[in-house]
file structure15.pdb (PDB, C-alpha atoms)
ATOM      1  CA  MET A   1      24.641 -14.342   2.473
ATOM      2  CA  ASN A   2      24.358 -11.016   0.646
ATOM      3  CA  ASN A   3      27.977  -9.773   0.808
ATOM      4  CA  CYS A   4      26.938  -6.239   1.823
ATOM      5  CA  ARG A   5      24.594  -5.837  -1.111
ATOM      6  CA  THR A   6      23.046  -2.401  -1.531
ATOM      7  CA  VAL A   7      19.291  -1.814  -1.576
ATOM      8  CA  LEU A   8      17.670   1.394  -2.790
ATOM      9  CA  LEU A   9      14.492   1.606  -0.710
ATOM     10  CA  ALA A  10      11.865   4.073  -1.921
ATOM     11  CA  GLY A  11       9.085   4.895   0.531
ATOM     12  CA  SER A  12      11.148   4.242   3.647
ATOM     13  CA  THR A  13       9.126   6.765   5.678
ATOM     14  CA  GLY A  14       5.832   4.975   4.984
ATOM     15  CA  THR A  15       4.233   2.292   7.129
ATOM     16  CA  ILE A  16       5.397  -0.632   5.006
ATOM     17  CA  GLY A  17       8.711   0.981   4.056
ATOM     18  CA  ARG A  18       9.784   1.451   7.663
ATOM     19  CA  THR A  19       9.102  -2.193   8.460
ATOM     20  CA  VAL A  20      10.905  -3.333   5.314
ATOM     21  CA  LEU A  21      13.891  -1.207   6.388
ATOM     22  CA  ALA A  22      13.954  -2.876   9.796
ATOM     23  CA  ASN A  23      13.975  -6.303   8.134
ATOM     24  CA  LEU A  24      16.761  -5.287   5.765
ATOM     25  CA  LEU A  25      18.951  -4.167   8.650
ATOM     26  CA  LYS A  26      18.502  -7.521  10.371
ATOM     27  CA  SER A  27      20.033  -9.105   7.278
ATOM     28  CA  ASP A  28      22.963  -6.664   7.083
ATOM     29  CA  TYR A  29      22.041  -4.994   3.797
ATOM     30  CA  GLU A  30      23.394  -1.561   2.986
ATOM     31  CA  VAL A  31      20.288   0.588   2.489
ATOM     32  CA  ILE A  32      19.932   3.927   0.703
ATOM     33  CA  CYS A  33      16.755   5.811   1.592
ATOM     34  CA  PRO A  34      15.834   8.840  -0.552
ATOM     35  CA  VAL A  35      13.561  11.258   1.323
ATOM     36  CA  ARG A  36      12.114  14.656   0.504
ATOM     37  CA  SER A  37      13.471  16.225   3.687
ATOM     38  CA  ILE A  38      15.497  15.377   6.775
ATOM     39  CA  SER A  39      12.554  16.460   8.936
ATOM     40  CA  GLN A  40      10.380  13.879   7.185
ATOM     41  CA  ALA A  41      12.955  11.194   7.935
ATOM     42  CA  LYS A  42      13.328  12.219  11.575
ATOM     43  CA  LYS A  43       9.565  12.354  12.052
ATOM     44  CA  ASN A  44       9.415   8.725  10.980
ATOM     45  CA  LYS A  45      12.519   7.780  12.986
ATOM     46  CA  ILE A  46      14.674   7.110   9.926
ATOM     47  CA  ASN A  47      18.224   8.231  10.686
ATOM     48  CA  ASN A  48      21.698   7.891   9.223
ATOM     49  CA  LYS A  49      23.446   5.041  10.979
ATOM     50  CA  GLU A  50      25.529   2.007  10.202
ATOM     51  CA  ASN A  51      24.200   0.404   6.995
ATOM     52  CA  VAL A  52      21.636   3.210   6.399
ATOM     53  CA  THR A  53      22.229   6.282   4.259
ATOM     54  CA  ILE A  54      19.578   8.998   4.160
ATOM     55  CA  VAL A  55      19.730  11.150   1.031
ATOM     56  CA  VAL A  56      17.555  14.214   0.457
ATOM     57  CA  MET A  57      16.320  13.567  -3.077
ATOM     58  CA  ASP A  58      12.800  13.724  -4.455
ATOM     59  CA  ILE A  59      12.287  10.593  -6.554
ATOM     60  CA  CYS A  60       9.462  12.370  -8.385
ATOM     61  CA  ASP A  61      11.831  15.096  -9.567
ATOM     62  CA  SER A  62      13.090  15.028 -13.159
ATOM     63  CA  GLY A  63      16.672  15.462 -11.953
ATOM     64  CA  PHE A  64      16.611  12.522  -9.555
ATOM     65  CA  VAL A  65      18.194   9.991 -11.920
ATOM     66  CA  LYS A  66      21.170  12.200 -12.800
ATOM     67  CA  GLU A  67      21.768  13.275  -9.197
ATOM     68  CA  PHE A  68      21.560   9.763  -7.781
ATOM     69  CA  CYS A  69      23.813   8.209 -10.411
ATOM     70  CA  GLU A  70      26.426  10.913  -9.855
ATOM     71  CA  ASN A  71      26.636   9.933  -6.181
ATOM     72  CA  TYR A  72      26.308   6.141  -6.308
ATOM     73  CA  GLU A  73      28.050   3.627  -8.533
ATOM     74  CA  ARG A  74      26.117   0.496  -7.669
ATOM     75  CA  VAL A  75      22.693  -0.643  -6.487
ATOM     76  CA  ASN A  76      21.902  -4.348  -6.333
ATOM     77  CA  VAL A  77      18.199  -4.210  -5.554
ATOM     78  CA  ILE A  78      15.483  -1.582  -5.782
ATOM     79  CA  ILE A  79      12.433  -1.920  -3.546
ATOM     80  CA  SER A  80       9.584   0.496  -4.229
ATOM     81  CA  CYS A  81       7.045   0.879  -1.425
ATOM     82  CA  ILE A  82       5.678   4.191  -2.685
ATOM     83  CA  GLY A  83       2.012   4.817  -3.376
ATOM     84  CA  SER A  84      -0.482   7.578  -3.979
ATOM     85  CA  ARG A  85      -2.214   8.776  -0.825
ATOM     86  CA  ASN A  86      -5.021  10.781  -2.424
ATOM     87  CA  GLY A  87      -5.536   9.118  -5.783
ATOM     88  CA  THR A  88      -5.740  12.406  -7.682
ATOM     89  CA  LEU A  89      -4.671  12.605 -11.322
ATOM     90  CA  LYS A  90      -1.488  14.561 -10.558
ATOM     91  CA  GLU A  91      -0.403  12.433  -7.619
ATOM     92  CA  SER A  92      -1.260   9.134  -9.309
ATOM     93  CA  ARG A  93       0.777  10.038 -12.382
ATOM     94  CA  GLU A  94       3.743  11.419 -10.435
ATOM     95  CA  VAL A  95       3.957   8.737  -7.744
ATOM     96  CA  GLU A  96       2.620   5.537  -9.267
ATOM     97  CA  PHE A  97       4.254   6.017 -12.674
ATOM     98  CA  GLU A  98       6.832   8.803 -13.023
ATOM     99  CA  ALA A  99       8.631   8.218  -9.707
ATOM    100  CA  ASN A 100       8.797   4.481 -10.359
ATOM    101  CA  MET A 101      10.079   5.138 -13.869
ATOM    102  CA  ASN A 102      12.860   7.264 -12.353
ATOM    103  CA  LEU A 103      13.767   4.415 -10.027
ATOM    104  CA  LEU A 104      13.715   1.971 -12.926
ATOM    105  CA  GLU A 105      16.056   4.197 -14.938
ATOM    106  CA  VAL A 106      18.452   4.312 -11.982
ATOM    107  CA  GLY A 107      18.298   0.540 -11.821
ATOM    108  CA  GLU A 108      19.096   0.188 -15.500
ATOM    109  CA  LYS A 109      21.975   2.653 -15.366
ATOM    110  CA  LEU A 110      23.495   1.063 -12.268
ATOM    111  CA  GLN A 111      22.796  -2.487 -13.435
ATOM    112  CA  ALA A 112      20.555  -3.500 -10.552
ATOM    113  CA  GLU A 113      19.804  -7.207 -10.335
ATOM    114  CA  GLN A 114      16.197  -6.920  -9.175
ATOM    115  CA  TYR A 115      13.312  -4.453  -8.875
ATOM    116  CA  ILE A 116      10.688  -5.353  -6.258
ATOM    117  CA  LEU A 117       7.474  -3.385  -6.711
ATOM    118  CA  LEU A 118       4.808  -3.136  -4.026
ATOM    119  CA  SER A 119       1.629  -2.849  -6.061
ATOM    120  CA  ALA A 120      -1.956  -3.667  -4.967
ATOM    121  CA  ILE A 121      -4.419  -6.511  -5.446
ATOM    122  CA  CYS A 122      -7.080  -4.065  -6.648
ATOM    123  CA  VAL A 123      -5.335  -3.564 -10.004
ATOM    124  CA  GLN A 124      -7.015  -6.770 -11.175
ATOM    125  CA  LYS A 125     -10.105  -4.674 -11.961
ATOM    126  CA  PRO A 126      -8.719  -1.233 -12.816
ATOM    127  CA  LYS A 127     -11.372   1.470 -12.640
ATOM    128  CA  LEU A 128      -9.405   4.189 -10.846
ATOM    129  CA  LEU A 129      -6.617   6.504 -11.969
ATOM    130  CA  PHE A 130      -4.025   5.255  -9.508
ATOM    131  CA  GLN A 131      -4.717   1.643 -10.515
ATOM    132  CA  LYS A 132      -4.226   2.437 -14.198
ATOM    133  CA  TYR A 133      -0.922   4.174 -13.510
ATOM    134  CA  LYS A 134       0.199   1.236 -11.365
ATOM    135  CA  LEU A 135      -0.503  -1.100 -14.265
ATOM    136  CA  LYS A 136       1.200   1.236 -16.711
ATOM    137  CA  PHE A 137       4.388   1.016 -14.668
ATOM    138  CA  GLU A 138       4.030  -2.732 -14.126
ATOM    139  CA  LYS A 139       4.034  -3.100 -17.919
ATOM    140  CA  ALA A 140       7.161  -0.944 -18.259
ATOM    141  CA  LEU A 141       8.888  -2.929 -15.508
ATOM    142  CA  LYS A 142       8.077  -6.256 -17.155
ATOM    143  CA  GLU A 143       9.517  -4.980 -20.448
ATOM    144  CA  SER A 144      12.758  -3.766 -18.824
ATOM    145  CA  LYS A 145      16.022  -5.721 -18.586
ATOM    146  CA  ILE A 146      15.883  -5.881 -14.779
ATOM    147  CA  ASN A 147      14.573  -8.969 -13.012
ATOM    148  CA  HIS A 148      11.200  -7.901 -11.664
ATOM    149  CA  THR A 149       9.127  -9.085  -8.726
ATOM    150  CA  ILE A 150       5.662  -7.569  -8.327
ATOM    151  CA  ILE A 151       3.737  -7.986  -5.082
ATOM    152  CA  ARG A 152       0.011  -7.221  -4.963
ATOM    153  CA  PRO A 153      -1.243  -7.405  -1.361
ATOM    154  CA  THR A 154      -4.750  -7.204   0.025
ATOM    155  CA  ALA A 155      -5.822  -4.589   2.623
ATOM    156  CA  TYR A 156      -3.318  -3.648   5.369
ATOM    157  CA  PHE A 157      -4.308  -3.445   9.026
ATOM    158  CA  LYS A 158      -3.664   0.303   8.975
ATOM    159  CA  SER A 159      -6.132   0.813   6.128
ATOM    160  CA  LEU A 160      -8.770  -0.945   8.241
ATOM    161  CA  SER A 161      -8.164   1.280  11.265
ATOM    162  CA  GLY A 162      -9.971   4.434  10.156
ATOM    163  CA  GLN A 163     -12.985   3.844  12.394
ATOM    164  CA  ILE A 164     -11.194   2.842  15.605
ATOM    165  CA  GLU A 165     -11.433   6.302  17.175
ATOM    166  CA  ARG A 166     -15.015   6.612  15.936
ATOM    167  CA  VAL A 167     -16.038   3.422  17.747
ATOM    168  CA  LYS A 168     -14.085   4.360  20.881
ATOM    169  CA  SER A 169     -16.006   7.629  21.047
ATOM    170  CA  GLY A 170     -19.331   5.783  21.019
ATOM    171  CA  LYS A 171     -20.268   6.296  17.371
ATOM    172  CA  ARG A 172     -21.625   3.623  15.061
ATOM    173  CA  PHE A 173     -19.454   1.618  12.684
ATOM    174  CA  ILE A 174     -20.240   2.625   9.100
ATOM    175  CA  ILE A 175     -20.853  -0.059   6.497
ATOM    176  CA  PHE A 176     -22.235   0.005   2.978
ATOM    177  CA  ASP A 177     -25.022  -2.235   1.684
ATOM    178  CA  GLN A 178     -25.178  -4.098   5.010
ATOM    179  CA  GLY A 179     -21.419  -4.757   4.822
ATOM    180  CA  LEU A 180     -21.851  -8.166   3.213
ATOM    181  CA  THR A 181     -20.853  -7.618  -0.407
ATOM    182  CA  ASN A 182     -17.058  -7.162  -0.328
ATOM    183  CA  TRP A 183     -14.420  -9.393   1.267
ATOM    184  CA  PHE A 184     -10.714  -9.298   2.130
ATOM    185  CA  LYS A 185      -7.949 -11.215   3.888
ATOM    186  CA  PRO A 186      -6.212  -8.478   5.899
ATOM    187  CA  ILE A 187      -2.440  -8.664   6.192
ATOM    188  CA  SER A 188      -0.310  -6.951   8.820
ATOM    189  CA  GLU A 189       2.460  -4.565   7.895
ATOM    190  CA  ARG A 190       4.920  -6.883   9.647
ATOM    191  CA  ASP A 191       3.870  -9.955   7.674
ATOM    192  CA  LEU A 192       3.778  -8.091   4.367
ATOM    193  CA  SER A 193       7.241  -6.623   4.945
ATOM    194  CA  LEU A 194       8.595 -10.083   5.729
ATOM    195  CA  PHE A 195       7.034 -11.418   2.517
ATOM    196  CA  ILE A 196       8.724  -8.629   0.548
ATOM    197  CA  THR A 197      12.181  -9.144   2.015
ATOM    198  CA  LYS A 198      11.974 -12.912   1.519
ATOM    199  CA  LYS A 199      11.855 -12.267  -2.238
ATOM    200  CA  ILE A 200      15.134 -10.344  -2.376
ATOM    201  CA  LEU A 201      17.507 -11.857  -4.941
ATOM    202  CA  LYS A 202      15.520 -15.085  -5.074
ATOM    203  CA  LYS A 203      15.638 -16.383  -8.621
ATOM    204  CA  THR A 204      12.335 -18.184  -8.001
ATOM    205  CA  ALA A 205      10.740 -14.732  -7.571
ATOM    206  CA  TYR A 206      12.136 -13.246 -10.796
ATOM    207  CA  GLY A 207       9.519 -12.445 -13.423
ATOM    208  CA  LYS A 208       6.705 -13.240 -11.005
ATOM    209  CA  VAL A 209       3.571 -11.431  -9.816
ATOM    210  CA  PHE A 210       2.473 -12.430  -6.316
ATOM    211  CA  LEU A 211      -1.063 -11.799  -5.073
ATOM    212  CA  ILE A 212      -1.058 -12.153  -1.317
ATOM    213  CA  GLY A 213      -3.413 -11.992   1.650
ATOM    214  CA  GLY A 214      -3.074 -12.542   5.364
ATOM    215  CA  PRO A 215      -4.329 -15.526   7.378
ATOM    216  CA  GLY A 216      -7.833 -16.537   6.312
ATOM    217  CA  PRO A 217     -10.676 -16.955   6.159
ATOM    218  CA  ALA A 218     -11.782 -13.813   4.330
ATOM    219  CA  ILE A 219     -13.961 -11.360   6.229
ATOM    220  CA  ASN A 220     -16.398  -8.618   5.180
ATOM    221  CA  PRO A 221     -16.886  -5.116   6.634
ATOM    222  CA  ARG A 222     -19.669  -6.249   8.995
ATOM    223  CA  GLU A 223     -17.427  -8.941  10.448
ATOM    224  CA  GLN A 224     -14.637  -6.359  10.660
ATOM    225  CA  GLY A 225     -16.917  -4.124  12.712
ATOM    226  CA  LYS A 226     -17.854  -7.006  15.000
ATOM    227  CA  LEU A 227     -14.171  -7.685  15.684
ATOM    228  CA  LEU A 228     -13.648  -4.041  16.570
ATOM    229  CA  PHE A 229     -16.632  -3.873  18.929
ATOM    230  CA  LYS A 230     -15.528  -7.104  20.595
ATOM    231  CA  ALA A 231     -12.007  -5.776  21.132
ATOM    232  CA  ALA A 232     -13.450  -2.534  22.539
ATOM    233  CA  ASN A 233     -15.832  -4.514  24.790
ATOM    234  CA  MET A 234     -18.747  -2.516  23.415
ATOM    235  CA  SER A 235     -22.179  -3.405  22.043
ATOM    236  CA  GLU A 236     -22.398  -3.639  18.274
ATOM    237  CA  ARG A 237     -23.836  -0.547  16.592
ATOM    238  CA  PHE A 238     -23.803  -0.203  12.817
ATOM    239  CA  LEU A 239     -24.808   2.540  10.417
ATOM    240  CA  SER A 240     -25.627   1.083   7.008
ATOM    241  CA  LEU A 241     -25.454   3.401   4.000
ATOM    242  CA  PRO A 242     -26.284   2.631   0.361
ATOM    243  CA  SER A 243     -23.239   2.521  -1.903
ATOM    244  CA  TYR A 244     -25.300   4.050  -4.712
ATOM    245  CA  SER A 245     -25.126   7.370  -2.839
ATOM    246  CA  PHE A 246     -21.618   7.739  -4.301
ATOM    247  CA  LYS A 247     -23.068   7.262  -7.802
ATOM    248  CA  ILE A 248     -25.645   9.967  -7.160
ATOM    249  CA  LEU A 249     -22.944  12.389  -6.042
ATOM    250  CA  LEU A 250     -20.810  11.529  -9.063
ATOM    251  CA  PHE A 251     -23.747  12.163 -11.397
ATOM    252  CA  THR A 252     -24.519  15.467  -9.670
ATOM    253  CA  LEU A 253     -20.917  16.678  -9.926
ATOM    254  CA  GLY A 254     -20.513  15.453 -13.498
ATOM    255  CA  PRO A 255     -20.883  18.724 -15.471
ATOM    256  CA  PHE A 256     -18.857  20.802 -12.998
ATOM    257  CA  GLY A 257     -15.700  18.717 -13.484
ATOM    258  CA  ILE A 258     -15.220  20.302 -16.901
ATOM    259  CA  PHE A 259     -14.318  23.625 -15.298
ATOM    260  CA  SER A 260     -12.534  22.627 -12.086
ATOM    261  CA  GLN A 261      -9.614  20.309 -11.294
ATOM    262  CA  LYS A 262     -10.735  20.297  -7.654
ATOM    263  CA  ILE A 263     -14.114  18.918  -8.703
ATOM    264  CA  ARG A 264     -12.401  16.286 -10.857
ATOM    265  CA  ASP A 265     -10.260  15.278  -7.881
ATOM    266  CA  LEU A 266     -13.376  15.114  -5.688
ATOM    267  CA  LYS A 267     -15.040  12.879  -8.246
ATOM    268  CA  GLU A 268     -12.022  10.576  -8.229
ATOM    269  CA  PHE A 269     -12.167  10.405  -4.432
ATOM    270  CA  LEU A 270     -15.841   9.380  -4.695
ATOM    271  CA  ARG A 271     -14.941   6.716  -7.262
ATOM    272  CA  ILE A 272     -12.314   5.382  -4.860
ATOM    273  CA  ALA A 273     -14.857   5.293  -2.031
ATOM    274  CA  LEU A 274     -17.385   3.502  -4.259
ATOM    275  CA  TYR A 275     -14.749   0.988  -5.358
ATOM    276  CA  TYR A 276     -13.735   0.039  -1.838
ATOM    277  CA  ALA A 277     -17.375  -0.084  -0.726
ATOM    278  CA  THR A 278     -18.283  -2.622  -3.403
ATOM    279  CA  GLU A 279     -15.177  -4.523  -4.593
ATOM    280  CA  SER A 280     -13.414  -7.322  -2.739
ATOM    281  CA  MET A 281      -9.671  -7.394  -2.101
ATOM    282  CA  LEU A 282      -9.259 -11.024  -3.141
ATOM    283  CA  VAL A 283      -8.030 -12.867  -6.223
ATOM    284  CA  TRP A 284     -10.327 -12.245  -9.189
ATOM    285  CA  ASP A 285     -11.201 -15.427 -11.048
ATOM    286  CA  GLU A 286     -11.601 -14.301 -14.657
ATOM    287  CA  GLU A 287     -13.141 -17.593 -15.728
ATOM    288  CA  ASP A 288     -15.864 -17.560 -13.070
ATOM    289  CA  ARG A 289     -16.104 -13.741 -13.093
ATOM    290  CA  ASN A 290     -15.951 -13.674  -9.340
ATOM    291  CA  TYR A 291     -13.635 -13.016  -6.396
ATOM    292  CA  THR A 292     -12.392 -16.154  -4.693
ATOM    293  CA  ASP A 293     -11.312 -16.676  -1.113
ATOM    294  CA  LYS A 294      -9.919 -20.144  -1.835
ATOM    295  CA  LYS A 295      -7.558 -18.947  -4.594
ATOM    296  CA  THR A 296      -6.239 -15.994  -2.581
ATOM    297  CA  PRO A 297      -2.840 -17.043  -1.130
ATOM    298  CA  GLU A 298      -2.258 -16.534   2.593
ATOM    299  CA  PHE A 299       0.892 -15.492   4.418
ATOM    300  CA  GLY A 300       1.816 -14.693   7.997
ATOM    301  CA  ASN A 301       0.311 -15.183  11.433
ATOM    302  CA  ASP A 302      -0.958 -11.767  12.516
ATOM    303  CA  THR A 303      -4.738 -11.397  12.629
ATOM    304  CA  LEU A 304      -6.902  -8.295  12.451
ATOM    305  CA  GLU A 305      -8.639  -9.388  15.659
ATOM    306  CA  GLY A 306      -5.299  -9.501  17.472
ATOM    307  CA  PHE A 307      -4.358  -6.103  16.066
ATOM    308  CA  TYR A 308      -7.594  -4.508  17.311
ATOM    309  CA  GLU A 309      -7.129  -6.063  20.743
ATOM    310  CA  LYS A 310      -3.617  -4.652  20.936
ATOM    311  CA  VAL A 311      -4.625  -1.168  19.769
ATOM    312  CA  LEU A 312      -7.529  -0.958  22.206
ATOM    313  CA  LYS A 313      -5.546  -1.954  25.288
ATOM    314  CA  PRO A 314      -5.284   1.106  27.569
ATOM    315  CA  SER A 315      -1.567   0.456  28.034
ATOM    316  CA  THR A 316      -0.789   0.305  24.299
ATOM    317  CA  LYS A 317       1.336   3.128  22.931
ATOM    318  CA  GLY A 318       3.001   3.805  19.627
ATOM    319  CA  VAL A 319       0.568   1.979  17.331
ATOM    320  CA  GLU A 320       0.212   4.046  14.188
ATOM    321  CA  LEU A 321      -3.287   4.789  12.932
ATOM    322  CA  PRO A 322      -4.247   6.517   9.686
ATOM    323  CA  ASP A 323      -3.620  10.255   9.587
ATOM    324  CA  ARG A 324      -6.300  10.484   6.908
ATOM    325  CA  LYS A 325      -9.442   8.458   7.248
ATOM    326  CA  LEU A 326     -12.641   8.083   5.303
ATOM    327  CA  PHE A 327     -14.837   8.225   8.387
ATOM    328  CA  GLY A 328     -14.299  10.505  11.357
TER     329      GLY A 328
END
call {"tool": "encode", "arguments": {"input": "structure15.pdb", "output": "structure tokens"}}
result
Amino acid sequence: MNNCRTVLLAGSTGTIGRTVLANLLKSDYEVICPVRSISQAKKNKINNKENVTIVVMDICDSGFVKEFCENYERVNVIISCIGSRNGTLKESREVEFEANMNLLEVGEKLQAEQYILLSAICVQKPKLLFQKYKLKFEKALKESKINHTIIRPTAYFKSLSGQIERVKSGKRFIIFDQGLTNWFKPISERDLSLFITKKILKKTAYGKVFLIGGPGPAINPREQGKLLFKAANMSERFLSLPSYSFKILLFTLGPFGIFSQKIRDLKEFLRIALYYATESMLVWDEEDRNYTDKKTPEFGNDTLEGFYEKVLKPSTKGVELPDRKLFG
């Protein structure tokens, strides 16, 4: 079907990237995976093997384009699964924009047929640095000569796993404003990766932006907590905090950000926390000025309830949970 087409996969050591790589190999693509170090690749079980080439190149580096193009003559498809982990100014600019611009330049030089970008549904209402840099690159991608496909998913299962260990240890599940104000249709990493790979070299996907959620209906943080307690066979215990506490902290830190980059980064972290405590991860209906469950497309079969049940089975091993979490 693909005649040994070559895919440049950025972010292959991440949760989504690894699953995308597994799907690509099932379809016999040749895959090039740039990584910052061999140890990083080995840690995430990404190894050189038939149809996979690991190259130690930092896609954020200014010399990446020249080095890559000197070693490879052709790339058919670029898939970018990279994303900022901390949301700081430096990381957002380097990862969300500059690294993707490097990949785009490679694609233009090597005449790639398609660039698939994993973005995020939250860019519909950009208030955060990483969202603005995502949109800045989306604009550049749309203006390029390469066929683009942009995918904006809702929350992943992994991003909704930060309180699993907290609940298991007997602590309360933290919610904001009673956990009833923001909604999402969680999607599994497996389903999202399948959605991504289904768009490869599909002319019907060229020039399109796909907003995507998992199987509905949408749930809120309180319902999320209930699913977790049920899977853990524990009584429900919630700790409700006011979201305006983030605004108070931001106001208090305001003047100090002038003198310290660390304070500015802390303020951005608080803005991120406030955003996810109050905004839904659904399609934003501009006409009605509201998020809509009905207009948020669904894909896949995996449910968050099933994921929690699997993770909390005593015999379950190898399920990856966040290495950085908002609540410990």
call {"tool": "resolve_selection", "arguments": {"input": "structure15.pdb", "expression": "the PyMOL selection byres ((chain A and resi 170) around 12)", "output": "MDAnalysis selection string"}}
result
chainID A and resid 163:169 171:173 229 232:238 328
call {"tool": "write_last_selection", "arguments": {"input": "structure15.pdb", "atoms": "C-alpha atoms", "output": "CSV table (one decimal), keeping the file's coordinate frame"}}
result
chain,number,residue,atom,x,y,z
A,163,GLN,CA,-13.0,3.8,12.4
A,164,ILE,CA,-11.2,2.8,15.6
A,165,GLU,CA,-11.4,6.3,17.2
A,166,ARG,CA,-15.0,6.6,15.9
A,167,VAL,CA,-16.0,3.4,17.7
A,168,LYS,CA,-14.1,4.4,20.9
A,169,SER,CA,-16.0,7.6,21.0
A,171,LYS,CA,-20.3,6.3,17.4
A,172,ARG,CA,-21.6,3.6,15.1
A,173,PHE,CA,-19.5,1.6,12.7
A,229,PHE,CA,-16.6,-3.9,18.9
A,232,ALA,CA,-13.4,-2.5,22.5
A,233,ASN,CA,-15.8,-4.5,24.8
A,234,MET,CA,-18.7,-2.5,23.4
A,235,SER,CA,-22.2,-3.4,22.0
A,236,GLU,CA,-22.4,-3.6,18.3
A,237,ARG,CA,-23.8,-0.5,16.6
A,238,PHE,CA,-23.8,-0.2,12.8
A,328,GLY,CA,-14.3,10.5,11.4
call {"tool": "atom_distance", "arguments": {"input": "structure15.pdb", "atom1": "atom CA of A:Leu266", "atom2": "atom CA of A:Leu250"}}
result
8.9 Å
call {"tool": "closest_atom_pairs", "arguments": {"input": "structure15.pdb", "of": "stretch 137-157 of chain A", "to": "stretch 2-16 of chain A", "cutoff": "12 Å", "atoms": "only C-alpha atoms", "output": "Markdown table"}}
result
| residue | atom | partner | partner_atom | distance |
| --- | --- | --- | --- | --- |
| A:Pro153 | CA | A:Ile16 | CA | 11.4 |
| A:Tyr156 | CA | A:Ile16 | CA | 9.2 |
| A:Phe157 | CA | A:Thr15 | CA | 10.5 |
call {"tool": "write_last_selection", "arguments": {"input": "structure15.pdb", "atoms": "C-alpha atoms", "output": "JSON list (two decimals), in the coordinates of the input"}}
result
[["chain", "number", "residue", "atom", "x", "y", "z"],
["A", 153, "PRO", "CA", -1.24, -7.40, -1.36],
["A", 156, "TYR", "CA", -3.32, -3.65, 5.37],
["A", 157, "PHE", "CA", -4.31, -3.44, 9.03]]
call {"tool": "resolve_selection", "arguments": {"input": "structure15.pdb", "expression": "the PyMOL selection byres ((chain A and resi 283) around 7)", "output": "list of chain:residue names"}}
result
A:Leu282, A:Trp284, A:Asp285, A:Tyr291, A:Thr292, A:Lys295, A:Thr296
call {"tool": "resolve_selection", "arguments": {"input": "structure15.pdb", "expression": "the PyMOL selection byres ((chain A and resi 18-24) around 9)", "output": "VMD selection string"}}
result
chain A and resid 7 9 11 to 17 25 to 31 33 44 to 46 52 81 189 to 190 192 to 194 196 to 197
call {"tool": "write_last_selection", "arguments": {"input": "structure15.pdb", "atoms": "C-alpha atoms", "output": "JSON list (two decimals), keeping the file's coordinate frame"}}
result
[["chain", "number", "residue", "atom", "x", "y", "z"],
["A", 7, "VAL", "CA", 19.29, -1.81, -1.58],
["A", 9, "LEU", "CA", 14.49, 1.61, -0.71],
["A", 11, "GLY", "CA", 9.09, 4.89, 0.53],
["A", 12, "SER", "CA", 11.15, 4.24, 3.65],
["A", 13, "THR", "CA", 9.13, 6.76, 5.68],
["A", 14, "GLY", "CA", 5.83, 4.97, 4.98],
["A", 15, "THR", "CA", 4.23, 2.29, 7.13],
["A", 16, "ILE", "CA", 5.40, -0.63, 5.01],
["A", 17, "GLY", "CA", 8.71, 0.98, 4.06],
["A", 25, "LEU", "CA", 18.95, -4.17, 8.65],
["A", 26, "LYS", "CA", 18.50, -7.52, 10.37],
["A", 27, "SER", "CA", 20.03, -9.10, 7.28],
["A", 28, "ASP", "CA", 22.96, -6.66, 7.08],
["A", 29, "TYR", "CA", 22.04, -4.99, 3.80],
["A", 30, "GLU", "CA", 23.39, -1.56, 2.99],
["A", 31, "VAL", "CA", 20.29, 0.59, 2.49],
["A", 33, "CYS", "CA", 16.76, 5.81, 1.59],
["A", 44, "ASN", "CA", 9.41, 8.72, 10.98],
["A", 45, "LYS", "CA", 12.52, 7.78, 12.99],
["A", 46, "ILE", "CA", 14.67, 7.11, 9.93],
["A", 52, "VAL", "CA", 21.64, 3.21, 6.40],
["A", 81, "CYS", "CA", 7.04, 0.88, -1.42],
["A", 189, "GLU", "CA", 2.46, -4.57, 7.90],
["A", 190, "ARG", "CA", 4.92, -6.88, 9.65],
["A", 192, "LEU", "CA", 3.78, -8.09, 4.37],
["A", 193, "SER", "CA", 7.24, -6.62, 4.94],
["A", 194, "LEU", "CA", 8.60, -10.08, 5.73],
["A", 196, "ILE", "CA", 8.72, -8.63, 0.55],
["A", 197, "THR", "CA", 12.18, -9.14, 2.02]]
call {"tool": "axis_aligned_box", "arguments": {"input": "structure15.pdb", "around": "stretch 73-81 of chain A", "padding_each_side": "8 Å", "output": "JSON"}}
result
{"center_x": 17.5, "center_y": -0.4, "center_z": -5.0, "size_x": 37.0, "size_y": 24.0, "size_z": 23.1}
call {"tool": "closest_residue", "arguments": {"input": "structure15.pdb", "among": "A:Ser188, A:Thr303, A:Ser159, A:Asn147", "to": "A:Ile219", "atoms": "all atoms listed in the file"}}
result
A:Thr303
